[in-house]
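> Coordinates in upload36.tsv, TSV, C-alpha atoms and all ligand atoms, are listed below.
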```tsv
chain	number	residue	atom	x	y	z
A	698	MET	CA	-95.82	-16.95	10.55
A	699	SER	CA	-93.02	-15.44	12.53
A	700	PRO	CA	-93.88	-13.63	15.72
A	701	VAL	CA	-94.03	-9.86	15.54
A	702	THR	CA	-91.06	-8.43	17.34
A	703	SER	CA	-90.38	-4.83	18.01
A	704	PRO	CA	-86.87	-3.66	17.27
A	705	ALA	CA	-84.51	-4.04	20.18
A	706	PRO	CA	-84.21	-0.75	22.01
A	707	ALA	CA	-80.87	0.96	21.62
A	708	ALA	CA	-78.63	0.22	24.57
A	709	PRO	CA	-78.45	3.20	26.90
A	710	PRO	CA	-75.04	4.79	26.95
A	711	THR	CA	-72.88	3.44	29.72
A	712	PRO	CA	-71.02	5.93	31.89
A	713	ALA	CA	-67.72	4.84	30.36
A	714	SER	CA	-68.96	5.74	26.87
A	715	VAL	CA	-70.18	9.20	27.82
A	716	ILE	CA	-67.59	11.92	27.88
A	717	GLU	CA	-69.20	14.67	29.87
A	718	VAL	CA	-68.40	18.23	28.85
A	719	VAL	CA	-67.99	20.59	31.81
A	720	LEU	CA	-66.85	23.73	29.99
A	721	THR	CA	-67.49	24.96	26.47
A	722	VAL	CA	-66.03	28.13	25.03
A	723	ALA	CA	-67.68	28.58	21.65
A	724	GLY	CA	-66.29	31.11	19.20
A	725	ILE	CA	-65.60	33.93	21.63
A	726	SER	CA	-64.09	37.22	20.55
A	727	LYS	CA	-62.84	40.03	22.76
A	728	SER	CA	-61.26	43.29	21.68
A	729	PHE	CA	-60.02	46.32	23.55
A	730	GLY	CA	-60.30	49.10	20.97
A	731	GLU	CA	-58.18	48.00	18.02
A	732	ASN	CA	-56.51	45.26	20.07
A	733	HIS	CA	-58.33	42.11	18.93
A	734	VAL	CA	-57.21	39.76	21.72
A	735	LEU	CA	-59.53	36.77	21.18
A	736	GLN	CA	-60.96	36.07	17.74
A	737	ASP	CA	-63.37	33.17	17.38
A	738	PHE	CA	-61.62	31.16	20.11
A	739	SER	CA	-63.12	27.82	21.12
A	740	LEU	CA	-62.32	24.98	23.50
A	741	THR	CA	-64.10	22.07	25.16
A	742	LEU	CA	-63.09	20.67	28.55
A	743	HIS	CA	-64.26	17.21	29.63
A	744	ARG	CA	-64.90	15.88	33.13
A	745	GLY	CA	-61.73	14.67	34.80
A	746	GLU	CA	-59.50	16.15	32.12
A	747	ASN	CA	-56.47	18.40	32.59
A	748	MET	CA	-56.20	20.88	29.74
A	749	VAL	CA	-53.38	23.38	29.41
A	750	VAL	CA	-53.83	26.62	27.50
A	751	LEU	CA	-50.41	27.57	26.28
A	752	GLY	CA	-49.61	30.96	24.83
A	753	LYS	CA	-46.91	33.57	24.86
A	754	SER	CA	-47.14	36.64	27.03
A	755	GLY	CA	-49.93	38.94	25.92
A	756	SER	CA	-51.68	36.27	23.84
A	757	GLY	CA	-54.90	36.60	25.83
A	758	LYS	CA	-54.77	33.76	28.38
A	759	SER	CA	-55.87	35.95	31.30
A	760	VAL	CA	-58.57	37.58	29.19
A	761	LEU	CA	-59.86	34.08	28.38
A	762	VAL	CA	-59.98	33.09	32.06
A	763	LYS	CA	-61.72	36.34	32.99
A	764	CYS	CA	-64.36	35.65	30.36
A	765	ILE	CA	-64.85	32.11	31.72
A	766	ILE	CA	-65.40	33.28	35.28
A	767	GLY	CA	-67.64	36.15	34.20
A	768	LEU	CA	-65.29	39.03	35.07
A	769	LEU	CA	-65.20	40.11	31.41
A	770	ALA	CA	-67.99	39.82	28.86
A	771	PRO	CA	-66.95	38.55	25.43
A	772	ASP	CA	-68.01	40.67	22.43
A	773	ALA	CA	-69.24	37.55	20.64
A	774	GLY	CA	-69.57	33.82	21.29
A	775	THR	CA	-70.83	31.84	24.28
A	776	ILE	CA	-69.36	30.24	27.37
A	777	THR	CA	-71.10	27.33	29.09
A	778	VAL	CA	-69.86	26.20	32.52
A	779	LEU	CA	-71.40	23.05	34.01
A	780	GLY	CA	-74.37	23.41	31.68
A	781	GLN	CA	-75.04	27.08	32.40
A	782	TYR	CA	-74.58	30.00	30.00
A	783	VAL	CA	-72.35	32.40	31.93
A	784	ALA	CA	-73.72	35.48	30.11
A	785	THR	CA	-77.28	34.90	31.30
A	786	LEU	CA	-76.49	34.37	35.00
A	787	ASP	CA	-77.44	36.99	37.56
A	788	HIS	CA	-75.13	37.79	40.47
A	789	THR	CA	-76.57	35.08	42.75
A	790	ALA	CA	-76.39	32.36	40.10
A	791	LEU	CA	-72.86	33.39	39.14
A	792	ASP	CA	-71.83	33.23	42.79
A	793	ALA	CA	-73.33	29.74	43.14
A	794	LEU	CA	-71.49	28.61	40.01
A	795	ARG	CA	-68.21	30.03	41.32
A	796	ALA	CA	-68.55	27.72	44.35
A	797	LYS	CA	-68.08	24.82	41.93
A	798	VAL	CA	-65.21	26.43	40.03
A	799	GLY	CA	-62.01	26.83	41.99
A	800	PHE	CA	-59.56	29.50	40.88
A	801	LEU	CA	-55.91	29.30	41.86
A	802	PHE	CA	-54.62	32.84	41.35
A	803	GLN	CA	-51.05	33.38	40.25
A	804	SER	CA	-50.62	35.61	43.30
A	805	ASN	CA	-52.32	32.98	45.54
A	806	ALA	CA	-54.59	35.76	46.92
A	807	LEU	CA	-54.25	34.61	50.53
A	808	TYR	CA	-55.27	37.01	53.30
A	809	ASP	CA	-52.02	38.01	55.01
A	810	SER	CA	-53.63	38.84	58.36
A	811	MET	CA	-55.45	35.49	58.58
A	812	THR	CA	-53.98	32.17	59.64
A	813	VAL	CA	-54.01	29.23	57.26
A	814	ARG	CA	-57.09	27.87	59.08
A	815	GLU	CA	-58.93	31.20	58.68
A	816	ASN	CA	-57.95	31.44	55.01
A	817	LEU	CA	-59.40	27.98	54.40
A	818	LEU	CA	-62.57	28.71	56.36
A	819	PHE	CA	-63.21	31.80	54.24
A	820	PRO	CA	-64.73	30.07	51.15
A	821	LEU	CA	-66.73	27.74	53.41
A	822	ARG	CA	-68.32	30.73	55.17
A	823	ARG	CA	-68.80	32.67	51.94
A	824	HIS	CA	-70.64	29.78	50.31
A	825	TRP	CA	-72.26	28.64	53.54
A	826	LEU	CA	-73.52	25.19	52.70
A	827	ALA	CA	-76.00	23.75	55.19
A	828	ASP	CA	-74.86	20.16	54.71
A	829	ARG	CA	-71.31	21.03	55.73
A	830	ARG	CA	-72.11	22.89	58.95
A	831	GLY	CA	-70.23	21.48	61.90
A	832	GLN	CA	-67.65	19.84	59.63
A	833	GLU	CA	-65.48	22.93	59.09
A	834	ASP	CA	-62.51	21.79	61.17
A	835	GLN	CA	-62.50	18.36	59.55
A	836	LEU	CA	-62.71	19.90	56.05
A	837	VAL	CA	-59.82	22.27	56.78
A	838	ARG	CA	-57.66	19.39	58.04
A	839	GLN	CA	-58.58	17.21	55.07
A	840	ALA	CA	-57.69	19.94	52.56
A	841	LEU	CA	-54.37	20.56	54.33
A	842	ASP	CA	-53.61	16.81	54.33
A	843	ASP	CA	-54.33	16.74	50.59
A	844	VAL	CA	-51.64	19.33	49.94
A	845	GLY	CA	-49.24	17.81	52.48
A	846	LEU	CA	-49.21	20.74	54.92
A	847	PRO	CA	-51.27	19.82	58.03
A	848	GLN	CA	-48.66	21.39	60.33
A	849	THR	CA	-49.18	24.91	58.96
A	850	ILE	CA	-52.76	25.28	60.20
A	851	ASP	CA	-52.02	28.05	62.72
A	852	GLN	CA	-49.35	29.86	60.70
A	853	LEU	CA	-49.68	33.10	58.80
A	854	PRO	CA	-49.00	33.18	55.02
A	855	ALA	CA	-45.92	35.37	55.62
A	856	GLU	CA	-44.36	32.53	57.65
A	857	LEU	CA	-44.56	30.12	54.68
A	858	SER	CA	-42.37	29.62	51.60
A	859	GLY	CA	-43.63	30.45	48.10
A	860	GLY	CA	-44.30	26.79	47.37
A	861	GLN	CA	-46.15	26.34	50.66
A	862	ARG	CA	-48.29	29.40	49.96
A	863	LYS	CA	-49.19	27.93	46.57
A	864	ARG	CA	-50.22	24.68	48.28
A	865	ILE	CA	-52.34	26.53	50.84
A	866	ALA	CA	-54.03	28.47	48.04
A	867	LEU	CA	-54.78	25.14	46.37
A	868	ALA	CA	-56.12	23.72	49.65
A	869	ARG	CA	-58.47	26.70	49.86
A	870	THR	CA	-59.66	25.91	46.34
A	871	LEU	CA	-60.24	22.23	47.22
A	872	ILE	CA	-62.28	22.80	50.35
A	873	LEU	CA	-65.67	23.36	48.68
A	874	PRO	CA	-64.77	21.03	46.63
A	875	PRO	CA	-64.57	22.19	42.98
A	876	GLU	CA	-65.75	20.46	39.83
A	877	ILE	CA	-63.45	22.59	37.70
A	878	ILE	CA	-60.18	24.17	38.80
A	879	LEU	CA	-58.64	27.06	36.90
A	880	TYR	CA	-54.92	27.29	37.53
A	881	ASP	CA	-53.35	30.60	36.52
A	882	GLU	CA	-49.65	29.96	35.88
A	883	PRO	CA	-49.32	27.67	38.92
A	884	THR	CA	-45.53	27.31	38.76
A	885	THR	CA	-44.52	30.89	37.94
A	886	GLY	CA	-42.00	32.27	40.42
A	887	LEU	CA	-41.17	28.88	41.96
A	888	ASP	CA	-37.80	27.13	41.81
A	889	PRO	CA	-37.69	24.06	39.50
A	890	VAL	CA	-37.91	21.49	42.32
A	891	THR	CA	-40.87	23.19	44.00
A	892	ALA	CA	-42.50	23.73	40.59
A	893	ARG	CA	-42.34	19.98	39.89
A	894	GLU	CA	-43.90	19.28	43.31
A	895	ILE	CA	-46.81	21.56	42.34
A	896	ASP	CA	-47.13	19.69	39.02
A	897	GLN	CA	-47.38	16.40	40.93
A	898	LEU	CA	-49.95	17.93	43.26
A	899	ILE	CA	-52.05	19.02	40.27
A	900	ARG	CA	-52.04	15.41	39.05
A	901	HIS	CA	-52.84	14.13	42.57
A	902	VAL	CA	-55.81	16.50	42.82
A	903	GLN	CA	-57.05	15.36	39.39
A	904	GLN	CA	-57.02	11.73	40.53
A	905	LYS	CA	-58.44	12.25	44.00
A	906	TYR	CA	-61.17	14.79	43.21
A	907	HIS	CA	-61.93	13.75	39.59
A	908	ALA	CA	-62.03	17.47	38.93
A	909	SER	CA	-61.40	18.98	35.52
A	910	ALA	CA	-58.63	21.52	35.23
A	911	LEU	CA	-57.88	24.37	32.88
A	912	ILE	CA	-54.26	25.29	33.42
A	913	ILE	CA	-52.79	28.49	32.02
A	914	SER	CA	-49.07	28.08	31.64
A	915	HIS	CA	-46.00	28.70	29.54
A	916	ASP	CA	-43.76	26.54	31.75
A	917	MET	CA	-43.15	23.65	29.34
A	918	ASN	CA	-42.27	21.20	32.13
A	919	CYS	CA	-45.58	22.02	33.80
A	920	VAL	CA	-47.34	21.52	30.46
A	921	ARG	CA	-45.63	18.15	29.90
A	922	LEU	CA	-46.34	16.85	33.39
A	923	THR	CA	-49.91	18.07	33.92
A	924	ALA	CA	-51.65	18.15	30.52
A	925	ASP	CA	-53.87	15.47	29.04
A	926	ARG	CA	-54.45	17.89	26.18
A	927	VAL	CA	-52.88	21.20	25.17
A	928	ILE	CA	-54.35	24.14	23.29
A	929	LEU	CA	-52.04	26.72	21.84
A	930	LEU	CA	-53.63	30.17	21.94
A	931	ALA	CA	-52.07	32.29	19.21
A	932	GLU	CA	-53.44	35.02	16.96
A	933	GLY	CA	-56.48	35.07	19.24
A	934	ARG	CA	-57.63	31.59	18.30
A	935	CYS	CA	-57.03	27.92	18.98
A	936	TYR	CA	-53.93	27.74	16.79
A	937	ALA	CA	-53.09	24.10	17.55
A	938	GLU	CA	-54.46	21.35	19.79
A	939	GLY	CA	-53.25	17.92	20.84
A	940	THR	CA	-51.29	16.02	23.45
A	941	TYR	CA	-47.94	17.40	24.55
A	942	ASP	CA	-46.16	14.85	22.35
A	943	GLU	CA	-48.32	15.66	19.33
A	944	LEU	CA	-47.60	19.37	19.62
A	945	ALA	CA	-43.91	18.71	20.29
A	946	GLN	CA	-43.72	17.04	16.87
A	947	ASN	CA	-45.68	19.77	15.06
A	948	PRO	CA	-43.28	21.46	12.59
A	949	ASP	CA	-45.28	24.72	12.39
A	950	PRO	CA	-42.84	27.46	13.51
A	951	THR	CA	-45.37	29.07	15.90
A	952	VAL	CA	-45.92	25.74	17.66
A	953	HIS	CA	-42.31	24.64	17.46
A	954	ALA	CA	-41.13	27.85	19.14
A	955	PHE	CA	-42.54	26.59	22.47
A	956	PHE	CA	-40.59	23.33	22.29
A	957	ALA	CA	-37.26	24.67	20.99
B	1001	LIG	N1	-58.90	45.44	30.81
B	1001	LIG	C1	-58.14	45.57	29.72
B	1001	LIG	N2	-58.17	46.70	29.00
B	1001	LIG	C2	-57.42	46.84	27.88
B	1001	LIG	N3	-56.59	45.90	27.40
B	1001	LIG	C3	-56.50	44.75	28.10
B	1001	LIG	C4	-57.26	44.53	29.29
B	1001	LIG	N4	-56.97	43.29	29.74
B	1001	LIG	C5	-56.08	42.76	28.89
B	1001	LIG	N5	-55.79	43.63	27.89
B	1001	LIG	C6	-54.88	43.38	26.77
B	1001	LIG	O1	-55.16	42.10	26.25
B	1001	LIG	C7	-53.97	41.48	25.81
B	1001	LIG	C8	-53.85	40.09	26.42
B	1001	LIG	O2	-53.61	40.24	27.82
B	1001	LIG	P1	-53.56	38.99	28.80
B	1001	LIG	O3	-53.33	39.55	30.17
B	1001	LIG	O4	-54.73	38.13	28.59
B	1001	LIG	O5	-52.26	38.22	28.28
B	1001	LIG	P2	-51.62	36.87	28.86
B	1001	LIG	O6	-51.57	35.90	27.73
B	1001	LIG	O7	-52.35	36.45	30.08
B	1001	LIG	O8	-50.15	37.37	29.21
B	1001	LIG	P3	-49.13	36.95	30.40
B	1001	LIG	O9	-48.66	35.55	30.06
B	1001	LIG	O10	-48.02	37.94	30.27
B	1001	LIG	O11	-49.87	37.03	31.69
B	1001	LIG	C9	-52.82	42.42	26.14
B	1001	LIG	O12	-52.49	43.15	24.98
B	1001	LIG	C10	-53.42	43.35	27.20
B	1001	LIG	O13	-52.85	44.61	27.15
```
Let me see whether you can do it: turn the structure in this file into C-alpha cells.


Amino acid sequence: MSPVTSPAPAAPPTPASVIEVVLTVAGISKSFGENHVLQDFSLTLHRGENMVVLGKSGSGKSVLVKCIIGLLAPDAGTITVLGQYVATLDHTALDALRAKVGFLFQSNALYDSMTVRENLLFPLRRHWLADRRGQEDQLVRQALDDVGLPQTIDQLPAELSGGQRKRIALARTLILPPEIILYDEPTTGLDPVTAREIDQLIRHVQQKYHASALIISHDMNCVRLTADRVILLAEGRCYAEGTYDELAQNPDPTVHAFFA
C-alpha cells in the first residue's frame, strides 16, 4: 500500500513573478455638459513602470490626471491608487495618499519668493513625517544631487534656467519620496537638448527610486526615450496601447498621425 500523501502545496508566487499594480483607472467617464471628454477610459500602471499617455491637445489628458489625484470626480468608473479607491477618501486620507504620489506640474509650481532649499523643505513640512525629523538638510542635498544641481541650494527660482527649474521641481517631488510620479508634459517649453536631459533624468529616477511614472506628453522624443508602454488617448478612450515601437508600426491613421 502506498503511503498517503497530500498534494504538494502550490509554490508561493516569487516577487519576480508578481507584477504589482499601483494605479488602476477602470472605465472612467467625464463630461462637461455635452463635451464628453473621457468615455469608458481605462489603464493599469505597474510598479516600476514608465507609462506615457499620449494624446492631442484637448483630448483629455489633464482631465485624466485631475481625476487620478482627486481634483475632479469622474461621472462613472473607479480609480484605485496604491490600493485605495480615490472616490471614498476623505480629505486627510487623500492628503496622506498625495504624499506618496509626486506631481511634476507643467509650470513647475515653485514658490518664487523661496530659495531652492525652502522650496524643497515645503513638502517635508507639509507632510511632516516623524521618522524624517532632523534629516531635512540631508534629504534636500540628496534630492538636489539626484537632479544634478547641488550648487543651486541657496538660489531663487528666478535665477535658474527653465531646465534647472524643471529639475528643482522634480527634486521637490523626489524628497518624500514618491511611489508614483505624475509628469505633466515634462519637456514642454524646453529646448531639444535640455528636453533630452530631462528624459534621461526621468529614466534615472525610475531606476534609482523604482517609482512608477505616468507621463503626459505629446513630445514624441520624450515618449520614445521614457516610455515602457504607451497609451493613446483618443475619442475619450484608450484608443491604442503598446510599446513605442509597436505603436510606431500601427497603420491606423489616428495612431500613425503621431509618428508621421
Ligand atoms: N473644468 C472644466 N470645465 C469645462 N470643460 C473643461 C474643464 N476642464 C477641461 N475641460 C475640457 O475638457 C477637454 C479636455 O481638456 P484637457 O485640458 O484635459 O486637454 P489636454 O489633452 O490636457 O490638452 P493640452 O494637451 O492642450 O493640455 C477640453 O475640451 C476642455 O475644454

> Rounded to one decimal, what separation in Å do you get between CA of His788 in chain A and CA of Cys764 in chain A?

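Value for the CA of His788 in chain A-CA of Cys764 in chain A distance: 14.9 Å.
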
> Go through chain A residue by residue and, counting all atoms listed in the file, keep those with an atom at most 8 Å from ligand LIG 1001 (chain B); for each kept residue give the shortest atom pair and its distance in Å to one decimal, ordered by chain and increasing number, as JSON lines.


```
{"residue": "A:Ser728", "atom": "CA", "partner": "B:LIG1001", "partner_atom": "O1", "distance": 7.7}
{"residue": "A:Phe729", "atom": "CA", "partner": "B:LIG1001", "partner_atom": "C2", "distance": 5.1}
{"residue": "A:Gly730", "atom": "CA", "partner": "B:LIG1001", "partner_atom": "C2", "distance": 7.8}
{"residue": "A:Asn732", "atom": "CA", "partner": "B:LIG1001", "partner_atom": "O12", "distance": 6.7}
{"residue": "A:His733", "atom": "CA", "partner": "B:LIG1001", "partner_atom": "O1", "distance": 8.0}
{"residue": "A:Val734", "atom": "CA", "partner": "B:LIG1001", "partner_atom": "C7", "distance": 5.5}
{"residue": "A:Gly752", "atom": "CA", "partner": "B:LIG1001", "partner_atom": "O6", "distance": 6.1}
{"residue": "A:Lys753", "atom": "CA", "partner": "B:LIG1001", "partner_atom": "O9", "distance": 5.8}
{"residue": "A:Ser754", "atom": "CA", "partner": "B:LIG1001", "partner_atom": "O9", "distance": 3.6}
{"residue": "A:Gly755", "atom": "CA", "partner": "B:LIG1001", "partner_atom": "O5", "distance": 3.4}
{"residue": "A:Ser756", "atom": "CA", "partner": "B:LIG1001", "partner_atom": "O6", "distance": 3.9}
{"residue": "A:Gly757", "atom": "CA", "partner": "B:LIG1001", "partner_atom": "O4", "distance": 3.2}
{"residue": "A:Lys758", "atom": "CA", "partner": "B:LIG1001", "partner_atom": "O6", "distance": 3.9}
{"residue": "A:Ser759", "atom": "CA", "partner": "B:LIG1001", "partner_atom": "O4", "distance": 3.7}
{"residue": "A:Val760", "atom": "CA", "partner": "B:LIG1001", "partner_atom": "O4", "distance": 3.9}
{"residue": "A:Leu761", "atom": "CA", "partner": "B:LIG1001", "partner_atom": "O4", "distance": 6.5}
{"residue": "A:Ser914", "atom": "CA", "partner": "B:LIG1001", "partner_atom": "O9", "distance": 7.6}
{"residue": "A:His915", "atom": "CA", "partner": "B:LIG1001", "partner_atom": "O9", "distance": 7.4}
```

> Between CA of Val718 in chain A and CA of Glu943 in chain A, what is the spacing in Å?

22.4 Å

> Which residue is closest to Ala796 in chain A? Choose from A:Gly780, A:Gly860, A:Pro875, A:Gly774 and count all atoms listed in the file.

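Ranked by minimum distance to Ala796 in chain A, first place goes to A:Pro875.
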
> If you measure from CA of Cys935 in chain A to CA of Ile725 in chain A, what distance in Å do you get, rounded to one decimal?

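Distance between the two atoms: 10.8 Å.
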
> Taking all listed atoms of range 940-944 of chain A, build the axis-aligned box, pad each of the six sides by 5 Å, then write its centre and edge lengths in Å to one decimal as JSON.


```
{"center_x": -48.7, "center_y": 17.1, "center_z": 21.9, "size_x": 15.1, "size_y": 14.5, "size_z": 15.2}
```

> If we count all atoms listed in the file, what is near range 843-855 of chain A at a cut-off of 6 Å, once residues fewer than 3 positions away on the same chain are taken out, given as a compact mmCIF listing (two decimals) with C-alpha atoms, keeping the file's coordinate frame?


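part15.txt, freshly written:
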```
# COMPACT_ATOMS: atom_id res chain seq x y z
CA ASP A 809 -52.02 38.01 55.01
CA THR A 812 -53.98 32.17 59.64
CA VAL A 813 -54.01 29.23 57.26
CA ARG A 814 -57.09 27.87 59.08
CA ALA A 840 -57.69 19.94 52.56
CA ARG A 864 -50.22 24.68 48.28
```

> Compare A:Leu857, A:Ser810, A:Thr891, A:Leu898 by their minimum atom-to-atom distance to Asp842 in chain A, counting only C-alpha atoms, and give me the closest one.

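Nearest candidate to Asp842 in chain A out of A:Leu857, A:Ser810, A:Thr891, A:Leu898: A:Leu898.
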
> Once you count only C-alpha atoms, which residues end up no further than 6 Å from (-60.9, 24.9, 58.7) in the file's frame, shown as a list in words?

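Here is the list of nearby residues: Arg814, Leu817, Leu818, Glu833, Asp834, Leu836 and Val837 of chain A.
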